[in-house]
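J.: Sharing start37.cif (mmCIF, C-alpha atoms) below.
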```cif
data_entry
#
loop_
_atom_site.label_atom_id
_atom_site.label_comp_id
_atom_site.auth_asym_id
_atom_site.auth_seq_id
_atom_site.Cartn_x
_atom_site.Cartn_y
_atom_site.Cartn_z
CA MET A 17 -1.88 -7.43 33.78
CA LYS A 18 -5.05 -5.33 34.00
CA LYS A 19 -4.19 -3.46 30.82
CA TRP A 20 -4.49 -6.77 28.92
CA LEU A 21 -7.98 -7.48 30.28
CA LEU A 22 -10.88 -6.72 27.93
CA ASP A 23 -14.34 -5.46 28.65
CA PRO A 24 -16.54 -8.50 29.43
CA LYS A 25 -18.74 -7.82 26.39
CA MET A 26 -15.69 -7.87 24.12
CA TYR A 27 -14.81 -11.39 25.28
CA ILE A 28 -17.91 -12.70 23.50
CA GLU A 29 -16.70 -11.31 20.18
CA PHE A 30 -13.16 -12.45 20.95
CA GLY A 31 -14.51 -15.95 21.64
CA ILE A 32 -16.43 -16.01 18.34
CA ALA A 33 -13.31 -15.00 16.42
CA THR A 34 -11.29 -17.66 18.26
CA LEU A 35 -13.86 -20.37 17.49
CA LEU A 36 -13.81 -19.41 13.81
CA TYR A 37 -10.02 -19.58 13.82
CA VAL A 38 -10.13 -23.08 15.34
CA ALA A 39 -12.87 -24.08 12.88
CA ASN A 40 -10.65 -23.02 9.97
CA ILE A 41 -7.79 -25.13 11.28
CA VAL A 42 -10.09 -28.15 11.72
CA LEU A 43 -11.60 -27.71 8.25
CA THR A 44 -8.14 -27.46 6.73
CA LEU A 45 -6.73 -30.55 8.44
CA LEU A 46 -9.73 -32.88 8.67
CA PHE A 47 -12.30 -31.96 6.04
CA PRO A 48 -11.86 -34.19 2.92
CA TYR A 49 -11.51 -32.82 -0.60
CA PHE A 50 -14.25 -33.21 -3.17
CA THR A 51 -13.27 -36.31 -5.14
CA GLU A 52 -13.05 -34.58 -8.54
CA HIS A 53 -10.45 -32.06 -7.37
CA LYS A 54 -6.98 -32.81 -8.69
CA ALA A 55 -4.98 -30.02 -7.03
CA TYR A 56 -3.99 -30.89 -3.48
CA TYR A 57 -1.45 -28.75 -1.66
CA ASP A 58 0.34 -28.90 1.64
CA SER A 59 -1.63 -26.90 4.21
CA THR A 60 1.34 -25.70 6.29
CA ALA A 61 1.62 -22.24 4.71
CA TYR A 62 -2.13 -21.65 5.02
CA ILE A 63 -2.16 -22.66 8.69
CA VAL A 64 0.80 -20.37 9.36
CA VAL A 65 -1.11 -17.47 7.78
CA LEU A 66 -4.25 -18.24 9.80
CA THR A 67 -2.26 -18.45 13.03
CA ALA A 68 -0.21 -15.30 12.34
CA ALA A 69 -3.42 -13.41 11.58
CA TYR A 70 -4.98 -14.66 14.81
CA LEU A 71 -1.97 -13.64 16.91
CA LEU A 72 -1.95 -10.20 15.28
CA TYR A 73 -5.68 -9.87 15.97
CA ALA A 74 -5.30 -10.94 19.61
CA ILE A 75 -2.53 -8.42 20.23
CA THR A 76 -4.36 -5.65 18.40
CA VAL A 77 -7.66 -6.10 20.19
CA HIS A 78 -5.98 -6.12 23.61
CA ILE A 79 -3.97 -2.99 22.83
CA SER A 80 -6.52 -0.92 20.92
CA ARG A 81 -9.65 -2.22 22.72
CA LYS A 82 -11.59 -1.58 19.50
CA LYS A 83 -14.59 -3.76 18.71
CA SER A 84 -13.92 -3.24 15.02
CA ALA A 85 -10.82 -5.48 15.34
CA SER A 86 -13.08 -8.38 16.33
CA ASP A 87 -15.52 -7.55 13.55
CA ILE A 88 -12.71 -7.70 10.98
CA ALA A 89 -11.40 -10.97 12.41
CA VAL A 90 -14.86 -12.59 12.40
CA LEU A 91 -15.54 -11.54 8.80
CA THR A 92 -12.10 -12.70 7.66
CA TYR A 93 -12.27 -16.13 9.28
CA ALA A 94 -15.87 -16.61 8.19
CA PHE A 95 -14.85 -15.84 4.61
CA PHE A 96 -11.98 -18.35 4.70
CA ALA A 97 -14.21 -21.00 6.27
CA LEU A 98 -16.82 -20.50 3.54
CA TRP A 99 -14.10 -20.64 0.88
CA GLU A 100 -12.66 -23.84 2.34
CA VAL A 101 -16.04 -25.56 2.63
CA SER A 102 -17.12 -24.45 -0.86
CA TYR A 103 -13.92 -25.76 -2.38
CA LYS A 104 -13.81 -29.08 -0.56
CA THR A 105 -17.48 -29.90 -1.09
CA GLY A 106 -17.29 -29.14 -4.80
CA LEU A 107 -19.48 -26.02 -4.82
CA VAL A 108 -16.40 -24.35 -6.26
CA ASN A 109 -14.97 -26.75 -8.80
CA ASN A 110 -12.59 -24.68 -10.86
CA ASP A 111 -9.00 -25.15 -9.74
CA LEU A 112 -7.73 -22.84 -12.48
CA LEU A 113 -9.61 -19.68 -11.54
CA ILE A 114 -10.43 -20.32 -7.88
CA PRO A 115 -7.76 -22.36 -6.12
CA SER A 116 -8.10 -23.67 -2.60
CA PRO A 117 -6.82 -21.46 0.23
CA GLU A 118 -4.04 -24.01 0.76
CA GLY A 119 -3.07 -23.81 -2.91
CA LEU A 120 -3.04 -20.02 -2.89
CA PHE A 121 -0.77 -19.59 0.12
CA HIS A 122 1.45 -22.48 -0.92
CA VAL A 123 2.72 -20.19 -3.70
CA PHE A 124 4.76 -18.36 -1.05
CA VAL A 125 6.45 -21.67 -0.18
CA GLU A 126 7.04 -22.59 -3.82
CA LYS A 127 8.48 -19.25 -4.98
CA PRO A 128 9.92 -17.36 -1.98
CA ALA A 129 13.08 -16.23 -3.79
CA GLU A 130 11.19 -15.00 -6.85
CA ILE A 131 8.59 -13.13 -4.81
CA GLY A 132 11.28 -11.67 -2.56
CA SER A 133 13.37 -10.37 -5.47
CA ASP A 134 10.26 -8.91 -7.13
CA ILE A 135 9.32 -7.12 -3.91
CA LEU A 136 12.80 -5.62 -3.64
CA GLY A 137 12.66 -4.62 -7.31
CA SER A 138 9.34 -2.82 -6.83
CA LEU A 139 10.51 -1.06 -3.68
CA SER A 140 13.69 0.11 -5.42
CA LEU A 141 11.71 1.66 -8.28
CA LEU A 142 9.24 3.17 -5.82
CA PHE A 143 12.02 4.70 -3.73
CA TRP A 144 13.78 6.50 -6.57
CA GLY A 145 10.66 7.70 -8.37
CA PHE A 146 9.04 8.85 -5.14
CA LEU A 147 12.15 10.54 -3.75
CA LEU A 148 12.77 12.53 -6.93
CA ALA A 149 9.12 13.58 -7.16
CA ILE A 150 8.86 14.67 -3.52
CA VAL A 151 12.10 16.68 -3.58
CA LEU A 152 11.54 18.39 -6.94
CA GLY A 153 7.79 18.84 -6.42
CA THR A 154 8.34 20.44 -3.04
CA MET A 155 11.12 22.77 -4.22
CA LEU A 156 9.31 23.88 -7.37
CA GLY A 157 6.02 24.23 -5.49
CA LEU A 158 7.75 26.36 -2.86
CA LEU A 159 9.15 28.69 -5.51
CA THR A 160 5.92 28.80 -7.51
CA GLY A 161 3.77 29.50 -4.48
CA TRP A 162 5.99 32.41 -3.48
CA ILE A 163 6.45 34.09 -6.87
CA PRO A 164 3.10 35.14 -8.43
CA ARG A 165 4.36 35.32 -12.02
CA ILE A 166 5.67 31.77 -11.99
CA ARG A 167 2.46 30.61 -10.28
CA GLU A 168 0.30 32.18 -12.99
CA VAL A 169 2.21 30.20 -15.63
CA LEU A 170 2.77 26.79 -14.02
CA LEU A 171 -0.38 26.29 -11.93
CA PRO A 172 -2.83 26.28 -14.89
CA LEU A 173 -0.54 23.85 -16.74
CA SER A 174 -0.39 21.53 -13.74
CA ASN A 175 -4.18 21.61 -13.45
CA VAL A 176 -4.40 20.18 -16.97
CA ILE A 177 -1.62 17.59 -16.56
CA THR A 178 -2.95 16.20 -13.27
CA LEU A 179 -6.22 15.28 -15.01
CA ILE A 180 -4.32 12.81 -17.20
CA PRO A 181 -3.76 9.39 -15.54
CA PRO A 182 0.02 8.85 -15.16
CA LEU A 183 -0.16 5.39 -16.75
CA MET A 184 -1.31 6.98 -20.00
CA PHE A 185 2.20 8.42 -20.36
CA SER A 186 3.77 4.99 -20.00
CA ALA A 187 3.70 3.94 -23.67
CA TYR A 188 5.42 7.20 -24.63
CA LEU A 189 7.91 7.10 -21.76
CA ILE A 190 8.99 3.60 -22.78
CA MET A 191 10.02 5.00 -26.16
CA ILE A 192 11.90 7.95 -24.65
CA PHE A 193 13.93 6.18 -21.97
CA SER A 194 16.56 3.58 -22.73
CA THR A 195 15.29 0.99 -20.23
CA PHE A 196 11.96 -0.14 -18.84
CA ARG A 197 13.34 0.58 -15.36
CA GLN A 198 13.83 4.26 -16.18
CA ALA A 199 10.37 4.41 -17.75
CA ALA A 200 8.79 2.89 -14.63
CA ILE A 201 10.57 5.40 -12.41
CA ALA A 202 9.30 8.19 -14.68
CA VAL A 203 5.71 6.93 -14.35
CA ILE A 204 6.01 6.99 -10.55
CA PHE A 205 7.57 10.45 -10.77
CA PHE A 206 4.60 11.80 -12.75
CA ALA A 207 2.15 10.17 -10.35
CA VAL A 208 3.67 11.94 -7.34
CA PHE A 209 5.29 15.12 -8.68
CA TRP A 210 2.23 17.08 -9.80
CA PRO A 211 0.05 16.46 -6.71
CA THR A 212 3.07 17.31 -4.52
CA PHE A 213 3.72 20.47 -6.54
CA GLN A 214 0.09 21.62 -6.37
CA GLY A 215 -0.21 20.82 -2.67
CA MET A 216 2.91 22.85 -1.93
CA VAL A 217 1.61 25.84 -3.89
CA VAL A 218 -1.64 25.74 -1.91
CA ARG A 219 0.19 25.49 1.44
CA VAL A 220 2.42 28.45 0.61
CA GLY A 221 -0.66 30.47 -0.26
CA GLN A 222 -2.30 29.61 3.06
CA ILE A 223 0.58 30.79 5.28
CA ASP A 224 -0.41 33.45 7.81
CA LYS A 225 0.48 36.87 6.40
CA SER A 226 1.51 38.09 9.84
CA ILE A 227 4.32 35.50 9.82
CA ILE A 228 5.60 36.85 6.51
CA GLU A 229 5.43 40.45 7.73
CA ALA A 230 7.24 39.59 10.95
CA ALA A 231 10.03 37.88 9.00
CA ARG A 232 10.36 40.85 6.67
CA THR A 233 10.54 43.20 9.64
CA MET A 234 13.51 41.19 10.91
CA GLY A 235 15.24 41.60 7.55
CA VAL A 236 14.82 38.03 6.26
CA GLY A 237 15.71 37.80 2.55
CA THR A 238 14.07 35.73 -0.18
CA VAL A 239 16.18 32.60 0.36
CA GLY A 240 15.77 32.79 4.13
CA MET A 241 12.04 33.40 3.73
CA LEU A 242 11.66 30.31 1.56
CA PHE A 243 13.77 27.86 3.54
CA LYS A 244 13.69 29.20 7.10
CA VAL A 245 10.11 30.47 7.33
CA ILE A 246 7.80 29.05 4.64
CA PHE A 247 9.26 25.55 4.27
CA PRO A 248 9.13 24.73 8.03
CA TYR A 249 5.56 26.08 8.11
CA CYS A 250 4.56 23.75 5.25
CA LEU A 251 6.52 20.69 6.47
CA PRO A 252 3.67 19.09 8.51
CA GLY A 253 1.39 19.25 5.46
CA ILE A 254 4.09 17.69 3.28
CA ILE A 255 4.53 14.80 5.70
CA LYS A 256 0.78 14.25 5.94
CA SER A 257 0.48 14.01 2.16
CA ILE A 258 3.19 11.34 1.84
CA SER A 259 0.91 8.41 2.76
CA LYS A 260 -1.65 9.24 0.07
CA SER A 261 1.09 9.90 -2.49
CA LEU A 262 2.75 6.55 -1.75
CA ARG A 263 -0.47 4.62 -2.32
CA GLY A 264 -0.98 6.31 -5.67
CA ALA A 265 2.66 5.77 -6.61
CA PHE A 266 2.55 2.05 -5.85
CA MET A 267 -0.61 1.58 -7.92
CA CYS A 268 1.08 3.30 -10.86
CA LEU A 269 4.22 1.25 -10.30
CA SER A 270 2.34 -2.05 -10.47
CA GLY A 271 0.70 -0.94 -13.71
CA ALA A 272 4.00 0.24 -15.20
CA GLU A 273 5.69 -3.05 -14.33
CA MET A 274 3.11 -4.91 -16.38
CA LEU A 275 4.15 -3.08 -19.54
CA GLY A 276 7.55 -4.65 -20.07
CA MET A 277 9.60 -4.82 -16.89
CA ASN A 278 11.33 -8.08 -16.05
CA LEU A 279 11.24 -7.50 -12.31
CA GLY A 280 8.66 -6.39 -9.75
CA ILE A 281 5.34 -7.56 -8.34
CA GLY A 282 3.44 -6.13 -11.31
CA TYR A 283 5.67 -8.16 -13.63
CA PHE A 284 5.12 -11.24 -11.43
CA ILE A 285 1.35 -10.88 -11.81
CA GLU A 286 1.51 -10.23 -15.55
CA LYS A 287 3.89 -13.15 -16.18
CA TYR A 288 1.74 -15.73 -14.43
CA LYS A 289 -1.42 -14.31 -15.98
CA SER A 290 0.17 -15.13 -19.34
CA PHE A 291 0.71 -18.68 -18.10
CA ALA A 292 -2.90 -18.85 -16.83
CA ASP A 293 -1.54 -19.63 -13.35
CA TYR A 294 -4.08 -17.71 -11.34
CA ARG A 295 -2.82 -19.06 -8.03
CA CYS A 296 0.29 -16.98 -8.57
CA VAL A 297 -1.74 -14.03 -9.86
CA LEU A 298 -3.80 -13.99 -6.67
CA ALA A 299 -0.65 -14.42 -4.58
CA GLY A 300 0.84 -11.38 -6.32
CA ILE A 301 -2.29 -9.33 -5.67
CA ILE A 302 -2.18 -10.29 -1.98
CA THR A 303 1.51 -9.30 -1.87
CA VAL A 304 0.69 -5.86 -3.28
CA GLY A 305 -2.01 -5.42 -0.65
CA VAL A 306 0.35 -6.41 2.16
CA ILE A 307 3.13 -4.11 0.94
CA THR A 308 0.87 -1.08 0.57
CA THR A 309 -0.63 -1.71 4.00
CA VAL A 310 2.79 -1.99 5.65
CA ILE A 311 4.02 1.16 3.90
CA ASP A 312 0.91 3.04 4.99
CA LEU A 313 1.32 1.93 8.63
CA VAL A 314 5.01 2.88 8.66
CA VAL A 315 4.37 6.30 7.12
CA ASN A 316 1.51 7.01 9.54
CA ARG A 317 3.73 6.05 12.46
CA ILE A 318 6.50 8.34 11.19
CA GLU A 319 3.95 11.13 10.73
CA LYS A 320 2.74 10.84 14.33
CA THR A 321 6.32 10.76 15.61
CA VAL A 322 7.68 13.66 13.57
CA ILE A 323 4.79 16.11 13.93
CA LYS A 324 3.68 15.48 17.49
CA TRP A 325 2.52 19.05 17.90
CA GLU A 326 -0.23 18.41 15.33
CA GLY A 327 -1.82 15.75 17.55
#
```
Kindly transcribe the structure held in the file into C-alpha cells.

T.:
Amino acid sequence: MKKWLLDPKMYIEFGIATLLYVANIVLTLLFPYFTEHKAYYDSTAYIVVLTAAYLLYAITVHISRKKSASDIAVLTYAFFALWEVSYKTGLVNNDLLIPSPEGLFHVFVEKPAEIGSDILGSLSLLFWGFLLAIVLGTMLGLLTGWIPRIREVLLPLSNVITLIPPLMFSAYLIMIFSTFRQAAIAVIFFAVFWPTFQGMVVRVGQIDKSIIEAARTMGVGTVGMLFKVIFPYCLPGIIKSISKSLRGAFMCLSGAEMLGMNLGIGYFIEKYKSFADYRCVLAGIITVGVITTVIDLVVNRIEKTVIKWEG
C-alpha cells in the first residue's frame, strides 16, 4: 500500500483538484441555466467525461508522483468550471459558436456510430499511407545513404520537395487518382516518405566506420552490409522517428479528408461546419486530439519496449 501513498505536500494539490472536480459536478447538476438559453442537454455524458478524467488523474498522480499531473488537473477543472459558470450565467450567450460543456459532450451520445465509423476510416487511411511511406522511405534511404552517386542525385531533390507542405499536393493528387481515398493515402505518403527517407540517409552516414570495416574484413557483401549491418544499426533511430511522423501524418490526413472524402474525422468536421453545427465541429476536434494522444502514447510505449538498450 505504501507505493500508493503520496508525499504530504502533494495531498494539498490532490485535494484542490478533487474539490474542483466535485465543484464541476455540483455546477453541472444544480446550477440553473440563464433564462435566455434555449439549448439544454442531458448532462450524463459530460459527467462521465469529468469522472473518467478524474480517475485517470488519480491513477496517474499515484503512479508517476509528478506534481505536474495535479497542475494539469487543476487547470483543466478550473477551465471547465469557468466555462460552465459563464454559460449558465449568460456571460457566454451564443449557443451556436460556444455550446455548453453538456451540449458538446452530448454529441458523443447522439452520434456514436457516425463518430466510430469516421475514426475507423481515418485510422485505415493512416495505416496504409504510413506503412507504405515507412517501408519505401526506409529502403530507398538505406540504398541512397550507402551509394554516393544515388545520394548526390536524390538528396538535393528531397531537400526541395520537403519544403513544400504535403497538403499543397492534394488538389493535384485528387485529379490523378481515381478515388478520394487513394488521394488521401497519397497525401499521407508524401507527408511521411520524404522525412523518413532523409532521416535514413543521415543515419547511414553517421554509422561508425569501424563497423563497416569490420564487416568488410569478414567478407560481408553489399546486400549483407545493407540488411545485416547498417539496417539493424539504424533501427532504433527509425523507431524513435515514428511518433513524430505519425503526428504529422494525422494532421495531413485530417486536412486531406476535408477536401472531398466521405469518411473520416476530417470529413466529419467539414460536414458539420457546412451545417453550422459547431457542437459537432468541436467534438470532432476533441476526437482528433484524443486519437493523436493515444497513438503517441502507444508508439512511445512500443519504443521503450523494443529498444530497451537505448534507455

J.: Applied to this file, what does the PyMOL selection byres ((chain A and resi 137) around 12) return in terms of residues, put as a PyMOL selection string?

T.: chain A and resi 130-136+138-144+197+200-201+269-270+273+277-284

J.: Quick check on the file I pasted: which residues fall under the PyMOL selection byres ((chain A and resi 256) around 10)? Write them as a VMD selection string.

T.: chain A and resid 251 to 255 257 to 261 315 to 316 318 to 320 323

J.: Given the file shown, enumerate the residues that the PyMOL selection byres ((chain A and resi 82) around 12) captures and present them as a list in words.

T.: Leu22, Asp23, Lys25, Met26, Tyr27, Glu29, Phe30, Tyr73, Ala74, Ile75, Thr76, Val77, His78, Ile79, Ser80, Arg81, Lys83, Ser84, Ala85, Ser86, Asp87, Ile88 and Ala89 of chain A

J.: Between atom CA of A:Thr67 and atom CA of A:Phe96, what distance in Å does the model show, to one decimal?

T.: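 Calculated distance between atom CA of A:Thr67 and atom CA of A:Phe96 is 12.8 Å.
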
J.: Just to confirm, what's the straight-line distance from atom CA of A:Gly157 to atom CA of A:Met234 in Å (one decimal)?

T.: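 Atom CA of A:Met234 lies at a distance of 24.8 Å from atom CA of A:Gly157.
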
J.: Please write as an MDAnalysis selection string the list of polymer residues whose atoms come within 12 Å of (-5.6, -18.1, -7.5), counting all atoms listed in the file and keeping to the coordinates of the file.

T.: chainID A and resid 55 110:123 285 288:289 292:302

J.: What are the closest atom pairs, with distances in Å to one decimal, for each residue of stretch 132-216 of chain A lying within 8 Å of stretch 242-248 of chain A, using all atoms listed in the file, rows by chain and rising residue number, as a tab-separated table?

T.:
```
residue	atom	partner	partner_atom	distance
A:Leu158	CA	A:Leu242	CA	7.1
A:Leu159	CA	A:Leu242	CA	7.7
A:Trp162	CA	A:Leu242	CA	7.9
```

J.: In Å, with one decimal, what is the gap from atom CA of A:Ile63 to atom CA of A:Leu46?

T.: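 So the answer is 12.7 Å.
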
J.: Write only N, CA, C and O atoms for stretch 76-89 of chain A from the block just shown, as a compact mmCIF listing (two decimals), in the first residue's frame.

T.:
```
# COMPACT_ATOMS: atom_id res chain seq x y z
N THR A 76 -2.77 8.32 -12.35
CA THR A 76 -1.51 8.84 -12.87
C THR A 76 -0.67 9.48 -11.78
O THR A 76 0.54 9.24 -11.69
N VAL A 77 -1.29 10.30 -10.94
CA VAL A 77 -0.52 11.01 -9.92
C VAL A 77 0.03 10.05 -8.87
O VAL A 77 1.13 10.26 -8.32
N HIS A 78 -0.66 8.95 -8.59
CA HIS A 78 -0.16 7.99 -7.62
C HIS A 78 0.92 7.09 -8.20
O HIS A 78 1.77 6.58 -7.46
N ILE A 79 0.91 6.92 -9.53
CA ILE A 79 1.94 6.09 -10.15
C ILE A 79 3.18 6.92 -10.48
O ILE A 79 4.31 6.52 -10.17
N SER A 80 2.98 8.07 -11.11
CA SER A 80 4.11 8.88 -11.56
C SER A 80 4.71 9.75 -10.46
O SER A 80 5.88 10.10 -10.51
N ARG A 81 3.87 10.12 -9.47
CA ARG A 81 4.28 11.02 -8.38
C ARG A 81 4.76 12.38 -8.91
O ARG A 81 5.60 13.04 -8.29
N LYS A 82 4.23 12.79 -10.05
CA LYS A 82 4.62 14.08 -10.63
C LYS A 82 3.63 15.16 -10.23
O LYS A 82 2.42 14.99 -10.39
N LYS A 83 4.15 16.29 -9.76
CA LYS A 83 3.28 17.40 -9.40
C LYS A 83 2.59 18.00 -10.62
O LYS A 83 1.52 18.60 -10.50
N SER A 84 3.22 17.84 -11.77
CA SER A 84 2.64 18.40 -12.99
C SER A 84 1.27 17.78 -13.29
O SER A 84 0.41 18.43 -13.90
N ALA A 85 1.05 16.52 -12.88
CA ALA A 85 -0.25 15.88 -13.10
C ALA A 85 -1.34 16.64 -12.37
O ALA A 85 -2.44 16.86 -12.90
N SER A 86 -1.05 17.07 -11.13
CA SER A 86 -2.02 17.86 -10.38
C SER A 86 -2.22 19.24 -11.00
O SER A 86 -3.34 19.75 -11.03
N ASP A 87 -1.14 19.82 -11.48
CA ASP A 87 -1.25 21.13 -12.13
C ASP A 87 -2.17 21.07 -13.35
O ASP A 87 -3.02 21.94 -13.55
N ILE A 88 -1.99 20.01 -14.15
CA ILE A 88 -2.84 19.85 -15.34
C ILE A 88 -4.29 19.65 -14.93
O ILE A 88 -5.22 20.23 -15.52
N ALA A 89 -4.52 18.82 -13.91
CA ALA A 89 -5.89 18.55 -13.45
C ALA A 89 -6.55 19.82 -12.92
O ALA A 89 -7.72 20.10 -13.23
```
